[in-house]
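Here the structure comes first, spelled out in structure tokens, and everything after it is commentary.
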Amino acid sequence: MKAVILVGGFGTRLRPLTLTTPKNLLPVGHVPMVERVIGHLAQHGVTEAVLSLGYKPDTFLEAYPDGTCAGVELHYAVEDEPLDTAGAIRFAAGEAGIDERFVVINGDVLTDLDVTRLIRFHDASGAEATIALHTVEDPSRYGVVVTDVAGQVEAFIEKPPADEAPSNAINAGTYVLEPSVLGRIPVGRKVSVERETFPGLVEDGSLYALDGNAYWLDAGTPETYLQANLDLLPAEGSSVHPEAFVADSAHVERSVVGAGASIAEDATLTEAVVLDGATIEAGARVHRSIVGAGATVRAGAELLDLTVIGADVDIEPSARLTGERVPADS
């Protein structure tokens, strides 16, 4: 079985981390996000995946030079210009020669969705396309889906105002598509699967949806990227890479410390992510914040409340940053 994985976005919500690294290559629990996505699909029978690339495509080729990831054969489809979600799906499927039913997933969605169950539902319903659903408190950031008792989609509304949303069931970013869907997508321009393709399928009665009843997280913001890392931690524990250094007097609580990182004496990390090669000097404090690869937090500095430090940035001694992004113009 084949899959298209959408990883071409610029990752603007995760800047400054994404100024140097595409968001899908940022590590979650020491493993690149895209590798977790592909590994999950492999557990459900996916043997080939095409990465729909746009931003910094060469970094993906460098990350997986042998053309495999998590045991899955990789293909690459590099857009010359952004084609939006549906346009990217058609382009990637064409580049990989997909001519049978296939899976599509947003590359920043982390989930334990039972993809096998979703495919079986798709086959049984005779759908042309099937969407996995997830229930949220505030659906206004997502595509909202209304279905009948059989799962046939009656309405698909992209990002409605919170007080106008007809449902709390949202598009969870995993789809099963028949190849006929590709013919519905115009070529030569941007096409949104959420705003054009899915509403067209609703009109024809051929779009279905199924509640995944699964863990689900859109890891595309600093808050959710931090949460994704923390969710993988053992109860009351931390995850320190074997190649990291942590001084005996440092305090590391529910945090992730990447390969080659160094945590000096009397430094404190609480619910923090410190990426590969970063340095936290003596007495510095990082609380619910993210330190980019190769960055340095000098002695006595404090990073608090979703402060995000980009790669190779140097934070001055005794600085106190709350909810800031450095560099700030990112």
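Labeling convention for the structure tokens: chains A, B, ... as they appear, residues from 1 per chain, ligands from 1 in order of appearance.
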Members of segment 9-250 of chain A assigned alpha helix (DSSP H) by DSSP, as a ChimeraX atom specification: /A:33-42,57-63,84-95,115-125,198-203,222-231
Picked from segment 23-173 of chain A by DSSP as strand (DSSP E), as number ranges by chain: A: 27-28, 31-32, 48-53, 68-69, 72-78, 102-106, 109-111, 129-135, 143-147, 153-158, 169-173
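Nearest to Gly107 of chain A of all the residues A:Asp276, A:Glu35, A:Glu253, A:Glu281 is A:Glu35, based on only C-alpha atoms.
For the atom pair formed by atom CA of Val257 of chain A and atom CA of Ala328 of chain A, the distance is 23.8 Å, given to one decimal.
A straight line drawn from atom CA of Phe102 of chain A to atom CA of Pro199 of chain A is 19.8 Å long.
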With segment 129-140 of chain A as the partner and 12 Å as the cut-off, tabulate the residues of segment 198-233 of chain A that qualify, each row holding the nearest pair of atoms and their distance in Å to one decimal, using only C-alpha atoms, sorted by chain and rising number, as a Markdown table.
```
| residue | atom | partner | partner_atom | distance |
| --- | --- | --- | --- | --- |
| A:Phe198 | CA | A:Ala129 | CA | 8.4 |
| A:Pro199 | CA | A:Ala129 | CA | 11.5 |
| A:Gly200 | CA | A:Ala129 | CA | 11.1 |
| A:Leu201 | CA | A:Ala129 | CA | 7.8 |
| A:Val202 | CA | A:Ala129 | CA | 9.8 |
| A:Asp204 | CA | A:Ala129 | CA | 11.2 |
| A:Gly205 | CA | A:Ala129 | CA | 10.1 |
| A:Ser206 | CA | A:Ala129 | CA | 6.7 |
| A:Leu207 | CA | A:Ala129 | CA | 5.1 |
| A:Tyr208 | CA | A:Thr130 | CA | 4.6 |
| A:Ala209 | CA | A:Ile131 | CA | 4.5 |
| A:Leu210 | CA | A:Ala132 | CA | 5.2 |
| A:Asp211 | CA | A:Leu133 | CA | 4.4 |
| A:Gly212 | CA | A:Leu133 | CA | 5.6 |
| A:Asn213 | CA | A:His134 | CA | 7.0 |
| A:Ala214 | CA | A:His134 | CA | 7.7 |
| A:Tyr215 | CA | A:His134 | CA | 8.9 |
| A:Trp216 | CA | A:His134 | CA | 7.4 |
| A:Leu217 | CA | A:His134 | CA | 9.8 |
| A:Asp218 | CA | A:His134 | CA | 11.1 |
```
Write the residues of the selection above to a file with all heavy atoms, as a compact mmCIF listing (two decimals), in the first residue's frame.
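Output (result22.txt):
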```txt
# COMPACT_ATOMS: atom_id res chain seq x y z
N PHE A 198 -13.05 18.32 -0.98
CA PHE A 198 -13.99 17.66 -0.07
C PHE A 198 -15.42 18.18 -0.23
O PHE A 198 -16.36 17.37 -0.29
CB PHE A 198 -13.51 17.80 1.37
CG PHE A 198 -12.34 16.90 1.71
CD1 PHE A 198 -11.54 17.16 2.81
CD2 PHE A 198 -12.03 15.80 0.93
CE1 PHE A 198 -10.46 16.34 3.12
CE2 PHE A 198 -10.95 14.96 1.24
CZ PHE A 198 -10.17 15.25 2.34
N PRO A 199 -15.66 19.50 -0.31
CA PRO A 199 -17.03 19.95 -0.53
C PRO A 199 -17.63 19.40 -1.83
O PRO A 199 -18.83 19.08 -1.88
CB PRO A 199 -16.89 21.48 -0.58
CG PRO A 199 -15.71 21.76 0.29
CD PRO A 199 -14.77 20.63 0.02
N GLY A 200 -16.81 19.24 -2.87
CA GLY A 200 -17.31 18.65 -4.11
C GLY A 200 -17.71 17.20 -3.93
O GLY A 200 -18.73 16.75 -4.48
N LEU A 201 -16.94 16.45 -3.15
CA LEU A 201 -17.28 15.06 -2.86
C LEU A 201 -18.56 14.97 -2.03
O LEU A 201 -19.36 14.04 -2.21
CB LEU A 201 -16.12 14.39 -2.12
CG LEU A 201 -14.87 14.10 -2.96
CD1 LEU A 201 -13.66 13.86 -2.07
CD2 LEU A 201 -15.11 12.90 -3.86
N VAL A 202 -18.75 15.93 -1.12
CA VAL A 202 -19.98 15.96 -0.32
C VAL A 202 -21.19 16.10 -1.24
O VAL A 202 -22.20 15.41 -1.07
CB VAL A 202 -19.95 17.11 0.72
CG1 VAL A 202 -21.32 17.27 1.38
CG2 VAL A 202 -18.89 16.84 1.78
N ASP A 204 -21.57 15.10 -4.16
CA ASP A 204 -21.81 13.86 -4.89
C ASP A 204 -22.11 12.68 -3.98
O ASP A 204 -22.31 11.55 -4.46
CB ASP A 204 -20.60 13.52 -5.76
CG ASP A 204 -20.42 14.51 -6.90
OD1 ASP A 204 -21.39 15.25 -7.20
OD2 ASP A 204 -19.32 14.57 -7.47
N GLY A 205 -22.10 12.91 -2.67
CA GLY A 205 -22.42 11.84 -1.72
C GLY A 205 -21.37 10.76 -1.62
O GLY A 205 -21.66 9.64 -1.19
N SER A 206 -20.14 11.10 -1.96
CA SER A 206 -19.10 10.06 -2.00
C SER A 206 -17.99 10.26 -0.96
O SER A 206 -16.96 9.61 -1.02
CB SER A 206 -18.48 9.99 -3.40
OG SER A 206 -17.94 11.24 -3.78
N LEU A 207 -18.21 11.19 -0.01
CA LEU A 207 -17.24 11.42 1.07
C LEU A 207 -17.80 10.85 2.37
O LEU A 207 -18.94 11.14 2.75
CB LEU A 207 -16.98 12.92 1.24
CG LEU A 207 -15.96 13.31 2.31
CD1 LEU A 207 -14.57 12.80 1.96
CD2 LEU A 207 -15.92 14.83 2.49
N TYR A 208 -16.98 10.01 3.03
CA TYR A 208 -17.36 9.41 4.30
C TYR A 208 -16.33 9.79 5.36
O TYR A 208 -15.23 10.26 5.04
CB TYR A 208 -17.46 7.89 4.17
CG TYR A 208 -18.76 7.43 3.53
CD1 TYR A 208 -19.01 7.65 2.19
CD2 TYR A 208 -19.74 6.79 4.28
CE1 TYR A 208 -20.19 7.24 1.59
CE2 TYR A 208 -20.93 6.37 3.70
CZ TYR A 208 -21.16 6.60 2.36
OH TYR A 208 -22.34 6.20 1.79
N ALA A 209 -16.69 9.57 6.61
CA ALA A 209 -15.78 9.91 7.71
C ALA A 209 -16.00 8.95 8.87
O ALA A 209 -17.11 8.44 9.06
CB ALA A 209 -15.99 11.35 8.15
N LEU A 210 -14.94 8.76 9.64
CA LEU A 210 -14.99 7.83 10.78
C LEU A 210 -14.22 8.43 11.94
O LEU A 210 -13.09 8.89 11.77
CB LEU A 210 -14.36 6.49 10.38
CG LEU A 210 -14.28 5.41 11.46
CD1 LEU A 210 -15.69 4.89 11.79
CD2 LEU A 210 -13.38 4.26 11.00
N ASP A 211 -14.83 8.43 13.12
CA ASP A 211 -14.15 8.92 14.32
C ASP A 211 -13.02 7.95 14.67
O ASP A 211 -13.25 6.76 14.87
CB ASP A 211 -15.13 9.02 15.49
CG ASP A 211 -14.55 9.76 16.68
OD1 ASP A 211 -13.31 9.74 16.86
OD2 ASP A 211 -15.33 10.37 17.43
N GLY A 212 -11.81 8.48 14.75
CA GLY A 212 -10.66 7.63 15.00
C GLY A 212 -10.55 7.12 16.42
O GLY A 212 -9.89 6.12 16.68
N ASN A 213 -11.17 7.82 17.40
CA ASN A 213 -11.06 7.44 18.82
C ASN A 213 -9.60 7.19 19.19
O ASN A 213 -9.26 6.15 19.75
CB ASN A 213 -11.91 6.20 19.11
CG ASN A 213 -13.39 6.46 18.96
OD1 ASN A 213 -13.89 7.46 19.47
ND2 ASN A 213 -14.09 5.57 18.27
N ALA A 214 -8.75 8.13 18.85
CA ALA A 214 -7.31 7.91 18.97
C ALA A 214 -6.62 9.11 19.59
O ALA A 214 -7.16 10.22 19.63
CB ALA A 214 -6.72 7.63 17.58
N TYR A 215 -5.38 8.88 20.06
CA TYR A 215 -4.50 10.00 20.39
C TYR A 215 -4.27 10.79 19.12
O TYR A 215 -4.02 10.23 18.04
CB TYR A 215 -3.18 9.49 20.94
CG TYR A 215 -2.13 10.57 21.13
CD1 TYR A 215 -2.08 11.31 22.30
CD2 TYR A 215 -1.20 10.86 20.12
CE1 TYR A 215 -1.13 12.31 22.48
CE2 TYR A 215 -0.25 11.86 20.28
CZ TYR A 215 -0.21 12.58 21.47
OH TYR A 215 0.72 13.57 21.63
N TRP A 216 -4.32 12.12 19.23
CA TRP A 216 -4.15 12.97 18.05
C TRP A 216 -3.58 14.31 18.48
O TRP A 216 -4.03 14.91 19.45
CB TRP A 216 -5.50 13.18 17.37
CG TRP A 216 -5.45 14.01 16.12
CD1 TRP A 216 -5.23 13.57 14.86
CD2 TRP A 216 -5.61 15.43 16.02
NE1 TRP A 216 -5.25 14.62 13.97
CE2 TRP A 216 -5.47 15.78 14.66
CE3 TRP A 216 -5.85 16.44 16.95
CZ2 TRP A 216 -5.57 17.09 14.20
CZ3 TRP A 216 -5.94 17.75 16.50
CH2 TRP A 216 -5.81 18.07 15.14
N LEU A 217 -2.56 14.75 17.75
CA LEU A 217 -1.96 16.04 18.07
C LEU A 217 -1.39 16.66 16.81
O LEU A 217 -0.59 16.04 16.09
CB LEU A 217 -0.85 15.87 19.10
CG LEU A 217 -0.26 17.16 19.69
CD1 LEU A 217 -1.29 17.87 20.56
CD2 LEU A 217 0.99 16.85 20.51
N ASP A 218 -1.81 17.88 16.52
CA ASP A 218 -1.22 18.68 15.45
C ASP A 218 0.00 19.37 16.06
O ASP A 218 -0.14 20.34 16.80
CB ASP A 218 -2.24 19.69 14.94
CG ASP A 218 -1.66 20.73 13.98
OD1 ASP A 218 -0.45 20.68 13.71
OD2 ASP A 218 -2.41 21.60 13.52
```
Pick from A:Leu83, A:Val273, A:Ile98, A:Val115 nearest to Pro222 of chain A, counting only C-alpha atoms: A:Val273
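Every protein or nucleic acid residue with an atom no more than 10 Å from Thr268 of chain A, counting only C-alpha atoms and leaving out same-chain residues fewer than 6 positions away, appears here: Ser249, Ala250, His251, Val252, Glu253, Ile280, Glu281, Ala282, Gly283, Ala284, Arg285, Val286, His287 and Glu302 of chain A.
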Keeping only all heavy atoms, write those residues as a CSV table (one decimal), in the first residue's frame.
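Saved to out.csv:
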```csv
chain,number,residue,atom,x,y,z
A,249,SER,N,24.6,17.9,39.6
A,249,SER,CA,23.9,18.9,40.4
A,249,SER,C,22.8,19.6,39.6
A,249,SER,O,22.0,20.4,40.1
A,249,SER,CB,24.8,20.0,41.0
A,249,SER,OG,25.4,20.7,39.9
A,250,ALA,N,22.6,19.2,38.3
A,250,ALA,CA,21.6,19.8,37.5
A,250,ALA,C,20.2,19.1,37.8
A,250,ALA,O,20.2,18.0,38.3
A,250,ALA,CB,21.9,19.6,36.0
A,251,HIS,N,19.1,19.9,37.6
A,251,HIS,CA,17.8,19.3,37.9
A,251,HIS,C,17.0,19.2,36.6
A,251,HIS,O,16.7,20.3,36.0
A,251,HIS,CB,17.1,20.2,39.0
A,251,HIS,CG,15.7,19.8,39.3
A,251,HIS,ND1,15.4,18.7,40.1
A,251,HIS,CD2,14.5,20.2,38.9
A,251,HIS,CE1,14.1,18.5,40.2
A,251,HIS,NE2,13.5,19.4,39.4
A,252,VAL,N,16.7,18.0,36.2
A,252,VAL,CA,16.0,17.8,35.0
A,252,VAL,C,14.7,17.1,35.3
A,252,VAL,O,14.7,15.9,35.7
A,252,VAL,CB,16.8,17.0,34.0
A,252,VAL,CG1,16.1,16.7,32.7
A,252,VAL,CG2,18.1,17.7,33.7
A,253,GLU,N,13.6,17.8,35.1
A,253,GLU,CA,12.3,17.2,35.4
A,253,GLU,C,11.3,17.3,34.2
A,253,GLU,O,11.1,18.3,33.6
A,253,GLU,CB,11.6,18.0,36.6
A,253,GLU,CG,10.2,17.6,36.9
A,253,GLU,CD,9.6,18.4,38.0
A,253,GLU,OE1,10.4,19.2,38.6
A,253,GLU,OE2,8.4,18.3,38.3
A,280,ILE,N,23.2,24.4,28.1
A,280,ILE,CA,22.6,25.1,29.1
A,280,ILE,C,23.6,25.3,30.2
A,280,ILE,O,24.1,24.3,30.9
A,280,ILE,CB,21.4,24.4,29.7
A,280,ILE,CG1,20.4,23.9,28.6
A,280,ILE,CG2,20.6,25.3,30.7
A,280,ILE,CD1,19.9,25.0,27.7
A,281,GLU,N,24.1,26.6,30.4
A,281,GLU,CA,25.2,26.8,31.3
A,281,GLU,C,24.7,26.8,32.8
A,281,GLU,O,23.5,26.7,33.1
A,281,GLU,CB,25.9,28.1,31.0
A,281,GLU,CG,26.7,28.0,29.7
A,281,GLU,CD,27.6,29.2,29.4
A,281,GLU,OE1,27.4,30.2,30.1
A,281,GLU,OE2,28.4,29.1,28.5
A,282,ALA,N,25.7,26.9,33.7
A,282,ALA,CA,25.5,26.8,35.1
A,282,ALA,C,24.4,27.8,35.6
A,282,ALA,O,24.4,29.0,35.3
A,282,ALA,CB,26.8,27.1,35.9
A,283,GLY,N,23.5,27.2,36.4
A,283,GLY,CA,22.5,28.0,37.0
A,283,GLY,C,21.4,28.5,36.1
A,283,GLY,O,20.4,29.2,36.6
A,284,ALA,N,21.4,28.2,34.9
A,284,ALA,CA,20.3,28.7,33.9
A,284,ALA,C,19.1,27.8,34.2
A,284,ALA,O,19.1,26.7,34.7
A,284,ALA,CB,20.8,28.5,32.5
A,285,ARG,N,18.0,28.4,33.8
A,285,ARG,CA,16.7,27.8,34.0
A,285,ARG,C,15.8,27.8,32.7
A,285,ARG,O,15.7,28.8,32.1
A,285,ARG,CB,15.9,28.5,35.2
A,285,ARG,CG,14.5,27.9,35.5
A,285,ARG,CD,13.8,28.7,36.5
A,285,ARG,NE,12.4,28.3,36.7
A,285,ARG,CZ,11.4,29.0,37.0
A,285,ARG,NH1,11.6,30.3,37.2
A,285,ARG,NH2,10.2,28.5,37.2
A,286,VAL,N,15.3,26.6,32.4
A,286,VAL,CA,14.4,26.5,31.2
A,286,VAL,C,13.2,25.9,31.6
A,286,VAL,O,13.1,24.7,32.0
A,286,VAL,CB,15.1,25.7,30.1
A,286,VAL,CG1,14.2,25.7,28.8
A,286,VAL,CG2,16.5,26.3,29.7
A,287,HIS,N,12.1,26.6,31.6
A,287,HIS,CA,10.8,26.1,32.0
A,287,HIS,C,9.7,26.2,30.9
A,287,HIS,O,9.5,27.3,30.3
A,287,HIS,CB,10.3,26.9,33.2
A,287,HIS,CG,8.8,26.6,33.6
A,287,HIS,ND1,8.5,25.4,34.2
A,287,HIS,CD2,7.7,27.3,33.5
A,287,HIS,CE1,7.2,25.4,34.4
A,287,HIS,NE2,6.7,26.6,34.0
A,302,GLU,N,17.2,32.8,32.2
A,302,GLU,CA,15.9,32.1,32.4
A,302,GLU,C,15.1,32.2,31.1
A,302,GLU,O,14.9,33.2,30.6
A,302,GLU,CB,15.1,32.7,33.6
A,302,GLU,CG,15.8,32.5,34.9
A,302,GLU,CD,14.8,33.1,36.0
A,302,GLU,OE1,14.8,34.3,36.1
A,302,GLU,OE2,14.2,32.3,36.7
```
Exercise: segment 23-26 of chain A partners within 8 Å, only C-alpha atoms, chain neighbours under 6 positions left out, as a ChimeraX atom specification: /A:7,10-11,14,17,32-34,60,107-108,220
Same residues, all heavy atoms, saved as a PDB file, in the first residue's frame:
```
ATOM      1  N   VAL A   7       4.459  17.244   3.544  1.00  0.00           N
ATOM      2  CA  VAL A   7       5.516  17.816   4.385  1.00  0.00           C
ATOM      3  C   VAL A   7       6.136  19.052   3.734  1.00  0.00           C
ATOM      4  O   VAL A   7       7.276  19.419   4.029  1.00  0.00           O
ATOM      5  CB  VAL A   7       6.619  16.773   4.695  1.00  0.00           C
ATOM      6  CG1 VAL A   7       6.089  15.676   5.588  1.00  0.00           C
ATOM      7  CG2 VAL A   7       7.196  16.176   3.408  1.00  0.00           C
ATOM      8  N   PHE A  10       5.965  25.627   5.169  1.00  0.00           N
ATOM      9  CA  PHE A  10       7.083  26.442   5.652  1.00  0.00           C
ATOM     10  C   PHE A  10       7.246  26.399   7.169  1.00  0.00           C
ATOM     11  O   PHE A  10       8.243  26.871   7.703  1.00  0.00           O
ATOM     12  CB  PHE A  10       6.902  27.898   5.208  1.00  0.00           C
ATOM     13  CG  PHE A  10       7.095  28.097   3.731  1.00  0.00           C
ATOM     14  CD1 PHE A  10       6.023  28.036   2.861  1.00  0.00           C
ATOM     15  CD2 PHE A  10       8.360  28.329   3.211  1.00  0.00           C
ATOM     16  CE1 PHE A  10       6.208  28.210   1.490  1.00  0.00           C
ATOM     17  CE2 PHE A  10       8.563  28.502   1.851  1.00  0.00           C
ATOM     18  CZ  PHE A  10       7.475  28.435   0.981  1.00  0.00           C
ATOM     19  N   GLY A  11       6.254  25.873   7.882  1.00  0.00           N
ATOM     20  CA  GLY A  11       6.376  25.762   9.335  1.00  0.00           C
ATOM     21  C   GLY A  11       6.450  27.100  10.033  1.00  0.00           C
ATOM     22  O   GLY A  11       7.149  27.239  11.040  1.00  0.00           O
ATOM     23  N   LEU A  14       6.084  27.469  13.810  1.00  0.00           N
ATOM     24  CA  LEU A  14       7.144  26.938  14.667  1.00  0.00           C
ATOM     25  C   LEU A  14       8.463  27.709  14.533  1.00  0.00           C
ATOM     26  O   LEU A  14       9.490  27.261  15.030  1.00  0.00           O
ATOM     27  CB  LEU A  14       7.390  25.463  14.346  1.00  0.00           C
ATOM     28  CG  LEU A  14       6.609  24.462  15.198  1.00  0.00           C
ATOM     29  CD1 LEU A  14       6.813  23.045  14.692  1.00  0.00           C
ATOM     30  CD2 LEU A  14       6.998  24.555  16.665  1.00  0.00           C
ATOM     31  N   LEU A  17      12.476  27.751  15.085  1.00  0.00           N
ATOM     32  CA  LEU A  17      13.040  26.412  14.910  1.00  0.00           C
ATOM     33  C   LEU A  17      13.098  26.025  13.439  1.00  0.00           C
ATOM     34  O   LEU A  17      14.025  25.354  12.988  1.00  0.00           O
ATOM     35  CB  LEU A  17      12.214  25.385  15.689  1.00  0.00           C
ATOM     36  CG  LEU A  17      12.135  25.568  17.201  1.00  0.00           C
ATOM     37  CD1 LEU A  17      11.199  24.531  17.803  1.00  0.00           C
ATOM     38  CD2 LEU A  17      13.519  25.473  17.838  1.00  0.00           C
ATOM     39  N   PRO A  32      12.888  12.064  14.352  1.00  0.00           N
ATOM     40  CA  PRO A  32      12.236  13.072  13.511  1.00  0.00           C
ATOM     41  C   PRO A  32      10.740  12.825  13.380  1.00  0.00           C
ATOM     42  O   PRO A  32      10.283  11.678  13.267  1.00  0.00           O
ATOM     43  CB  PRO A  32      12.943  12.909  12.163  1.00  0.00           C
ATOM     44  CG  PRO A  32      14.286  12.358  12.501  1.00  0.00           C
ATOM     45  CD  PRO A  32      14.059  11.451  13.675  1.00  0.00           C
ATOM     46  N   MET A  33       9.974  13.913  13.394  1.00  0.00           N
ATOM     47  CA  MET A  33       8.520  13.821  13.337  1.00  0.00           C
ATOM     48  C   MET A  33       8.059  12.965  12.158  1.00  0.00           C
ATOM     49  O   MET A  33       7.186  12.108  12.291  1.00  0.00           O
ATOM     50  CB  MET A  33       7.934  15.231  13.247  1.00  0.00           C
ATOM     51  CG  MET A  33       6.446  15.326  13.473  1.00  0.00           C
ATOM     52  SD  MET A  33       5.820  17.027  13.215  1.00  0.00           S
ATOM     53  CE  MET A  33       6.852  17.986  14.323  1.00  0.00           C
ATOM     54  N   VAL A  34       8.646  13.207  10.973  1.00  0.00           N
ATOM     55  CA  VAL A  34       8.225  12.471   9.789  1.00  0.00           C
ATOM     56  C   VAL A  34       8.494  10.983   9.934  1.00  0.00           C
ATOM     57  O   VAL A  34       7.735  10.146   9.428  1.00  0.00           O
ATOM     58  CB  VAL A  34       8.901  13.033   8.522  1.00  0.00           C
ATOM     59  CG1 VAL A  34      10.398  12.738   8.495  1.00  0.00           C
ATOM     60  CG2 VAL A  34       8.231  12.497   7.276  1.00  0.00           C
ATOM     61  N   PHE A  60      15.509  16.610   3.440  1.00  0.00           N
ATOM     62  CA  PHE A  60      14.896  15.286   3.565  1.00  0.00           C
ATOM     63  C   PHE A  60      15.753  14.236   2.864  1.00  0.00           C
ATOM     64  O   PHE A  60      15.933  13.117   3.380  1.00  0.00           O
ATOM     65  CB  PHE A  60      13.483  15.296   2.975  1.00  0.00           C
ATOM     66  CG  PHE A  60      12.494  16.073   3.786  1.00  0.00           C
ATOM     67  CD1 PHE A  60      12.322  17.435   3.587  1.00  0.00           C
ATOM     68  CD2 PHE A  60      11.736  15.448   4.768  1.00  0.00           C
ATOM     69  CE1 PHE A  60      11.405  18.160   4.336  1.00  0.00           C
ATOM     70  CE2 PHE A  60      10.816  16.159   5.529  1.00  0.00           C
ATOM     71  CZ  PHE A  60      10.655  17.523   5.316  1.00  0.00           C
ATOM     72  N   GLY A 107       1.850  15.681   7.537  1.00  0.00           N
ATOM     73  CA  GLY A 107       3.082  15.249   8.170  1.00  0.00           C
ATOM     74  C   GLY A 107       3.344  15.797   9.550  1.00  0.00           C
ATOM     75  O   GLY A 107       4.307  15.371  10.206  1.00  0.00           O
ATOM     76  N   ASP A 108       2.527  16.737  10.028  1.00  0.00           N
ATOM     77  CA  ASP A 108       2.711  17.239  11.393  1.00  0.00           C
ATOM     78  C   ASP A 108       1.646  16.704  12.349  1.00  0.00           C
ATOM     79  O   ASP A 108       1.493  17.209  13.460  1.00  0.00           O
ATOM     80  CB  ASP A 108       2.725  18.765  11.424  1.00  0.00           C
ATOM     81  CG  ASP A 108       1.486  19.393  10.814  1.00  0.00           C
ATOM     82  OD1 ASP A 108       0.571  18.647  10.400  1.00  0.00           O
ATOM     83  OD2 ASP A 108       1.419  20.642  10.744  1.00  0.00           O
ATOM     84  N   GLY A 220       2.224  21.407  15.139  1.00  0.00           N
ATOM     85  CA  GLY A 220       2.739  22.495  14.330  1.00  0.00           C
ATOM     86  C   GLY A 220       2.909  23.825  15.024  1.00  0.00           C
ATOM     87  O   GLY A 220       3.245  24.820  14.369  1.00  0.00           O
TER      88      GLY A 220
END
```
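Between atom CA of Ala293 of chain A and atom CA of Ala264 of chain A lies a distance of 16.4 Å.
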Contacts of Thr20 of chain A within 9 Å, only C-alpha atoms, excl. fewer than 2 positions in-chain, as a list in words: Pro16, Leu17, Thr18, Pro22, Lys56, Gly310 and Ala311 of chain A
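Using only C-alpha atoms, the protein and nucleic acid residues lying no more than 7 Å from Gly29 of chain A, apart from those fewer than 6 places from it along its own chain, are Asn229, Leu232 and Val256 of chain A.
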